[in-house]
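Written below as structure tokens is the structure these notes are about.
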There are 2 protein chains.
Amino acid sequence: MVDILHRIAAKGVEVGETYDALTTLEGLSRWWTENTTGTTDVGGRIAFKFENGDFEMEVAELEPGARVLWEVVGGSAPEWIGTKIHWDLRQEDDYTVVLFKHEGWAEPVEFMHHCSTKWGSFLVSLKQLLETGTGAPWPHDPHIDNWG
Amino acid sequence: MVDILHRIAAKGVEVGETYDALTTLEGLSRWWTENTTGTTDVGGRIAFKFENGDFEMEVAELEPGARVLWEVVGGSAPEWIGTKIHWDLRQEDDYTVVLFKHEGWAEPVEFMHHCSTKWGSFLVSLKQLLETGTGAPWPHDPHIDNWG
């Protein structure tokens, strides 16, 4: 099993604002995809739709201001099914630090390379949303390769 | 051992141009760090310096238009020493596809999370250099967190 890891920090941002951007449909739709629907409580399912695919997550754990865990339960990417997405948040001086882990890929396939770079780009979108009020969710996301 | 993976593709770019950006001091200084010095032939050593640290690579393999391998032999980050950085290039339609692997981290430490996101951001800089003629090497690189 192999994992995608990332770290960003948003300056001048409280950890609670960051938590909201990960746990509300409005927040998620402002940095990942504008087509975000579903239920964001523990046990709920959230659907994230893009041009050429979609992901369905079950919200497995929520610890306000500290931690979010999603399990991928559906969608168009078989490599994602059964993987877990961890968000660990903490305040550090004037920053919210976000540690991200997309855990449990069966193999380091080429699509995983793509998703790693794409996650990094979307995390920068999250940082920009938190710092400036404007992110770059799909369909406004910059392309990183010929897959999107 | 854990690895950082990324994938970018540069549109309208020949694989040879991409190879040059990875194997000449001028190319490297236009997307990674302006402070790049050393020798880029096989067996040579290249030093990459940044605000708060530096990396020294030995060029382990070069396959023109296809592949570059560096081994980290020195610098300020003990976690990097002994790791390997793989660049695999290929033409796909109108794109050069770049598969990147920073292989052999002993542990998935928080610094590895940072380096993963930072590599993604610098790979986007490489893509921008190839597509537009202008990258964002240090000291012009966007900060992704409170470490740089």
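Residues are referred to by chain and number: the chain letter is A, B, ... according to the order shown in the structure tokens, the number counts from 1 in that chain, and ligands are numbered separately from 1 in the order shown.
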As a PyMOL selection string, could you give me every residue of chain B near chain A (at most 9 Å apart, counting only C-alpha atoms)? chain B and resi 2-11+92+95+97-101+108+110-121+123-124+127+143-147
Take the residues just selected and output them with N, CA, C and O atoms as a short mmCIF file (atom, residue, chain, number, x, y, z; two decimals), in the first residue's frame.
data_model
loop_
_atom_site.label_atom_id
_atom_site.label_comp_id
_atom_site.auth_asym_id
_atom_site.auth_seq_id
_atom_site.Cartn_x
_atom_site.Cartn_y
_atom_site.Cartn_z
N VAL B 2 9.44 5.09 1.74
CA VAL B 2 8.29 5.71 1.10
C VAL B 2 8.77 6.72 0.06
O VAL B 2 9.89 7.21 0.14
N ASP B 3 7.89 6.97 -0.92
CA ASP B 3 8.27 7.76 -2.09
C ASP B 3 7.28 8.90 -2.33
O ASP B 3 6.11 8.79 -2.00
N ILE B 4 7.79 9.96 -2.94
CA ILE B 4 6.95 11.05 -3.44
C ILE B 4 6.79 10.85 -4.95
O ILE B 4 7.79 10.67 -5.65
N LEU B 5 5.56 10.90 -5.43
CA LEU B 5 5.27 10.71 -6.85
C LEU B 5 4.57 11.95 -7.41
O LEU B 5 3.73 12.54 -6.73
N HIS B 6 4.87 12.28 -8.66
CA HIS B 6 4.15 13.36 -9.35
C HIS B 6 4.11 13.07 -10.85
O HIS B 6 4.92 12.30 -11.37
N ARG B 7 3.18 13.74 -11.52
CA ARG B 7 3.05 13.66 -12.98
C ARG B 7 2.63 15.03 -13.49
O ARG B 7 1.64 15.59 -13.02
N ILE B 8 3.40 15.56 -14.44
CA ILE B 8 2.96 16.76 -15.16
C ILE B 8 3.08 16.46 -16.65
O ILE B 8 3.74 15.48 -17.06
N ALA B 9 2.49 17.31 -17.48
CA ALA B 9 2.70 17.22 -18.92
C ALA B 9 2.71 18.65 -19.47
O ALA B 9 1.91 19.50 -19.05
N ALA B 10 3.64 18.89 -20.36
CA ALA B 10 3.80 20.22 -20.96
C ALA B 10 3.33 20.16 -22.40
O ALA B 10 3.82 19.37 -23.21
N LYS B 11 2.36 21.01 -22.71
CA LYS B 11 1.70 20.99 -24.03
C LYS B 11 2.52 21.75 -25.06
O LYS B 11 3.02 22.84 -24.78
N GLU B 92 3.75 12.19 -25.73
CA GLU B 92 2.40 11.61 -25.84
C GLU B 92 1.57 12.65 -26.58
O GLU B 92 1.24 13.69 -26.02
N TYR B 95 2.17 16.45 -26.12
CA TYR B 95 2.69 16.71 -24.78
C TYR B 95 4.01 15.99 -24.52
O TYR B 95 4.23 14.89 -25.04
N VAL B 97 5.24 14.17 -21.33
CA VAL B 97 4.80 13.69 -20.01
C VAL B 97 6.04 13.46 -19.15
O VAL B 97 7.02 12.85 -19.60
N VAL B 98 5.98 13.97 -17.91
CA VAL B 98 7.07 13.81 -16.94
C VAL B 98 6.55 13.02 -15.75
O VAL B 98 5.63 13.46 -15.05
N LEU B 99 7.14 11.84 -15.53
CA LEU B 99 6.86 11.09 -14.30
C LEU B 99 8.03 11.30 -13.36
O LEU B 99 9.19 11.10 -13.73
N PHE B 100 7.69 11.69 -12.14
CA PHE B 100 8.69 12.05 -11.13
C PHE B 100 8.56 11.11 -9.94
O PHE B 100 7.45 10.82 -9.49
N LYS B 101 9.70 10.66 -9.42
CA LYS B 101 9.68 9.88 -8.17
C LYS B 101 10.88 10.28 -7.30
O LYS B 101 12.02 10.19 -7.76
N PRO B 108 7.68 8.57 6.71
CA PRO B 108 6.80 9.63 6.19
C PRO B 108 6.67 10.80 7.18
O PRO B 108 5.59 11.10 7.68
N GLU B 110 6.83 14.73 8.75
CA GLU B 110 6.10 15.93 8.33
C GLU B 110 6.87 16.68 7.24
O GLU B 110 6.26 17.23 6.31
N PHE B 111 8.17 16.68 7.30
CA PHE B 111 8.98 17.34 6.27
C PHE B 111 8.77 16.69 4.90
O PHE B 111 8.81 17.37 3.88
N MET B 112 8.52 15.39 4.88
CA MET B 112 8.22 14.72 3.61
C MET B 112 6.90 15.23 3.02
O MET B 112 6.79 15.44 1.81
N HIS B 113 5.89 15.45 3.89
CA HIS B 113 4.64 16.04 3.41
C HIS B 113 4.91 17.39 2.73
O HIS B 113 4.40 17.68 1.65
N HIS B 114 5.72 18.23 3.42
CA HIS B 114 6.07 19.54 2.86
C HIS B 114 6.78 19.39 1.51
O HIS B 114 6.44 20.06 0.54
N CYS B 115 7.77 18.50 1.47
CA CYS B 115 8.55 18.36 0.23
C CYS B 115 7.68 17.84 -0.91
O CYS B 115 7.89 18.21 -2.07
N SER B 116 6.70 17.01 -0.61
CA SER B 116 5.80 16.50 -1.66
C SER B 116 5.04 17.65 -2.31
O SER B 116 4.98 17.76 -3.55
N THR B 117 4.45 18.52 -1.49
CA THR B 117 3.69 19.64 -2.04
C THR B 117 4.62 20.61 -2.76
O THR B 117 4.29 21.12 -3.84
N LYS B 118 5.80 20.82 -2.17
CA LYS B 118 6.76 21.76 -2.76
C LYS B 118 7.27 21.22 -4.12
O LYS B 118 7.38 21.99 -5.08
N TRP B 119 7.55 19.90 -4.21
CA TRP B 119 7.92 19.33 -5.50
C TRP B 119 6.81 19.55 -6.53
O TRP B 119 7.08 19.90 -7.68
N GLY B 120 5.57 19.33 -6.12
CA GLY B 120 4.45 19.53 -7.06
C GLY B 120 4.44 20.95 -7.59
O GLY B 120 4.26 21.19 -8.79
N SER B 121 4.66 21.90 -6.69
CA SER B 121 4.66 23.30 -7.08
C SER B 121 5.84 23.61 -8.02
O SER B 121 5.69 24.32 -9.03
N LEU B 123 7.28 21.43 -10.00
CA LEU B 123 6.99 20.76 -11.28
C LEU B 123 6.04 21.61 -12.13
O LEU B 123 6.17 21.66 -13.36
N VAL B 124 5.11 22.28 -11.47
CA VAL B 124 4.26 23.23 -12.20
C VAL B 124 5.12 24.38 -12.75
O VAL B 124 4.91 24.85 -13.87
N LYS B 127 6.68 23.04 -15.85
CA LYS B 127 5.67 23.04 -16.93
C LYS B 127 5.49 24.47 -17.49
O LYS B 127 5.47 24.65 -18.72
N HIS B 143 5.08 30.39 -1.78
CA HIS B 143 5.14 29.63 -0.53
C HIS B 143 3.89 28.76 -0.41
O HIS B 143 2.78 29.20 -0.71
N ILE B 144 4.10 27.53 0.03
CA ILE B 144 2.96 26.62 0.22
C ILE B 144 2.64 26.44 1.70
O ILE B 144 1.54 26.00 2.03
N ASP B 145 3.57 26.77 2.57
CA ASP B 145 3.31 26.68 4.01
C ASP B 145 4.28 27.57 4.77
O ASP B 145 4.97 28.41 4.15
N ASN B 146 4.33 27.43 6.09
CA ASN B 146 5.18 28.29 6.92
C ASN B 146 6.65 27.85 6.90
O ASN B 146 7.48 28.47 7.55
N TRP B 147 6.96 26.82 6.15
CA TRP B 147 8.35 26.39 5.98
C TRP B 147 8.92 26.85 4.63
O TRP B 147 10.09 26.63 4.36
#
Do you know which residues are at most 7 Å from range 63-78 of chain B counting only C-alpha atoms, after dropping those on the same chain fewer than 5 positions away, and could you put them as a list in words?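 The filter keeps Val15, Gly16, Tyr19, Gly53, Asp54, Phe55, Glu56, Met57, Glu58, Thr83, Lys84, Ile85, His86, Trp87, Asp88, Leu89 and Arg90 of chain B.
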How about saving the chosen residues, N, CA, C and O atoms kept, as a PDB file, in the first residue's frame?
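The result, stored in result33.pdb:
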ATOM      1  N   VAL B  15      10.081  16.454 -26.117  1.00  0.00           N
ATOM      2  CA  VAL B  15      10.724  15.792 -24.985  1.00  0.00           C
ATOM      3  C   VAL B  15      12.190  16.251 -24.843  1.00  0.00           C
ATOM      4  O   VAL B  15      12.713  16.352 -23.721  1.00  0.00           O
ATOM      5  N   GLY B  16      12.823  16.597 -25.939  1.00  0.00           N
ATOM      6  CA  GLY B  16      14.208  17.062 -25.869  1.00  0.00           C
ATOM      7  C   GLY B  16      14.350  18.367 -25.100  1.00  0.00           C
ATOM      8  O   GLY B  16      15.329  18.580 -24.368  1.00  0.00           O
ATOM      9  N   TYR B  19      14.097  17.464 -21.469  1.00  0.00           N
ATOM     10  CA  TYR B  19      15.352  16.852 -21.033  1.00  0.00           C
ATOM     11  C   TYR B  19      16.413  17.928 -20.769  1.00  0.00           C
ATOM     12  O   TYR B  19      17.125  17.877 -19.759  1.00  0.00           O
ATOM     13  N   GLY B  53      18.536  26.329   2.964  1.00  0.00           N
ATOM     14  CA  GLY B  53      19.083  24.989   2.852  1.00  0.00           C
ATOM     15  C   GLY B  53      19.597  24.728   1.454  1.00  0.00           C
ATOM     16  O   GLY B  53      19.488  25.578   0.555  1.00  0.00           O
ATOM     17  N   ASP B  54      20.168  23.551   1.281  1.00  0.00           N
ATOM     18  CA  ASP B  54      20.711  23.197  -0.029  1.00  0.00           C
ATOM     19  C   ASP B  54      20.715  21.686  -0.184  1.00  0.00           C
ATOM     20  O   ASP B  54      20.605  20.943   0.803  1.00  0.00           O
ATOM     21  N   PHE B  55      20.788  21.248  -1.429  1.00  0.00           N
ATOM     22  CA  PHE B  55      20.841  19.830  -1.768  1.00  0.00           C
ATOM     23  C   PHE B  55      21.994  19.625  -2.744  1.00  0.00           C
ATOM     24  O   PHE B  55      22.175  20.434  -3.654  1.00  0.00           O
ATOM     25  N   GLU B  56      22.719  18.518  -2.566  1.00  0.00           N
ATOM     26  CA  GLU B  56      23.754  18.177  -3.536  1.00  0.00           C
ATOM     27  C   GLU B  56      23.428  16.819  -4.143  1.00  0.00           C
ATOM     28  O   GLU B  56      23.211  15.829  -3.434  1.00  0.00           O
ATOM     29  N   MET B  57      23.347  16.785  -5.466  1.00  0.00           N
ATOM     30  CA  MET B  57      22.979  15.570  -6.198  1.00  0.00           C
ATOM     31  C   MET B  57      24.172  15.074  -7.007  1.00  0.00           C
ATOM     32  O   MET B  57      24.900  15.889  -7.591  1.00  0.00           O
ATOM     33  N   GLU B  58      24.303  13.769  -7.085  1.00  0.00           N
ATOM     34  CA  GLU B  58      25.215  13.193  -8.081  1.00  0.00           C
ATOM     35  C   GLU B  58      24.356  12.699  -9.242  1.00  0.00           C
ATOM     36  O   GLU B  58      23.324  12.054  -9.037  1.00  0.00           O
ATOM     37  N   THR B  83      18.591   9.311  -0.728  1.00  0.00           N
ATOM     38  CA  THR B  83      17.390   9.132  -1.554  1.00  0.00           C
ATOM     39  C   THR B  83      17.746   9.338  -3.029  1.00  0.00           C
ATOM     40  O   THR B  83      18.815   9.858  -3.356  1.00  0.00           O
ATOM     41  N   LYS B  84      16.836   8.903  -3.904  1.00  0.00           N
ATOM     42  CA  LYS B  84      17.055   9.030  -5.352  1.00  0.00           C
ATOM     43  C   LYS B  84      15.888   9.770  -5.993  1.00  0.00           C
ATOM     44  O   LYS B  84      14.741   9.620  -5.568  1.00  0.00           O
ATOM     45  N   ILE B  85      16.210  10.529  -7.017  1.00  0.00           N
ATOM     46  CA  ILE B  85      15.187  11.309  -7.718  1.00  0.00           C
ATOM     47  C   ILE B  85      15.177  10.883  -9.182  1.00  0.00           C
ATOM     48  O   ILE B  85      16.185  11.036  -9.885  1.00  0.00           O
ATOM     49  N   HIS B  86      14.055  10.315  -9.580  1.00  0.00           N
ATOM     50  CA  HIS B  86      13.897   9.757 -10.931  1.00  0.00           C
ATOM     51  C   HIS B  86      13.033  10.686 -11.778  1.00  0.00           C
ATOM     52  O   HIS B  86      11.968  11.125 -11.334  1.00  0.00           O
ATOM     53  N   TRP B  87      13.463  10.891 -12.997  1.00  0.00           N
ATOM     54  CA  TRP B  87      12.690  11.645 -13.989  1.00  0.00           C
ATOM     55  C   TRP B  87      12.512  10.744 -15.210  1.00  0.00           C
ATOM     56  O   TRP B  87      13.508  10.373 -15.845  1.00  0.00           O
ATOM     57  N   ASP B  88      11.293  10.405 -15.545  1.00  0.00           N
ATOM     58  CA  ASP B  88      11.023   9.612 -16.743  1.00  0.00           C
ATOM     59  C   ASP B  88      10.180  10.439 -17.686  1.00  0.00           C
ATOM     60  O   ASP B  88       9.110  10.938 -17.318  1.00  0.00           O
ATOM     61  N   LEU B  89      10.663  10.577 -18.910  1.00  0.00           N
ATOM     62  CA  LEU B  89      10.056  11.472 -19.898  1.00  0.00           C
ATOM     63  C   LEU B  89       9.560  10.671 -21.086  1.00  0.00           C
ATOM     64  O   LEU B  89      10.197   9.690 -21.500  1.00  0.00           O
ATOM     65  N   ARG B  90       8.440  11.095 -21.653  1.00  0.00           N
ATOM     66  CA  ARG B  90       8.020  10.508 -22.924  1.00  0.00           C
ATOM     67  C   ARG B  90       7.102  11.485 -23.660  1.00  0.00           C
ATOM     68  O   ARG B  90       6.460  12.347 -23.056  1.00  0.00           O
TER      69      ARG B  90
END
Could you give me, as a list in words, the residues within 8 Å of Val42 in chain A, counting only C-alpha atoms and dropping anything in the same chain fewer than 4 positions from it?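 Surrounding residues, per the criterion: Glu58, Val59, Ala60, Glu61 and Leu62 of chain A.
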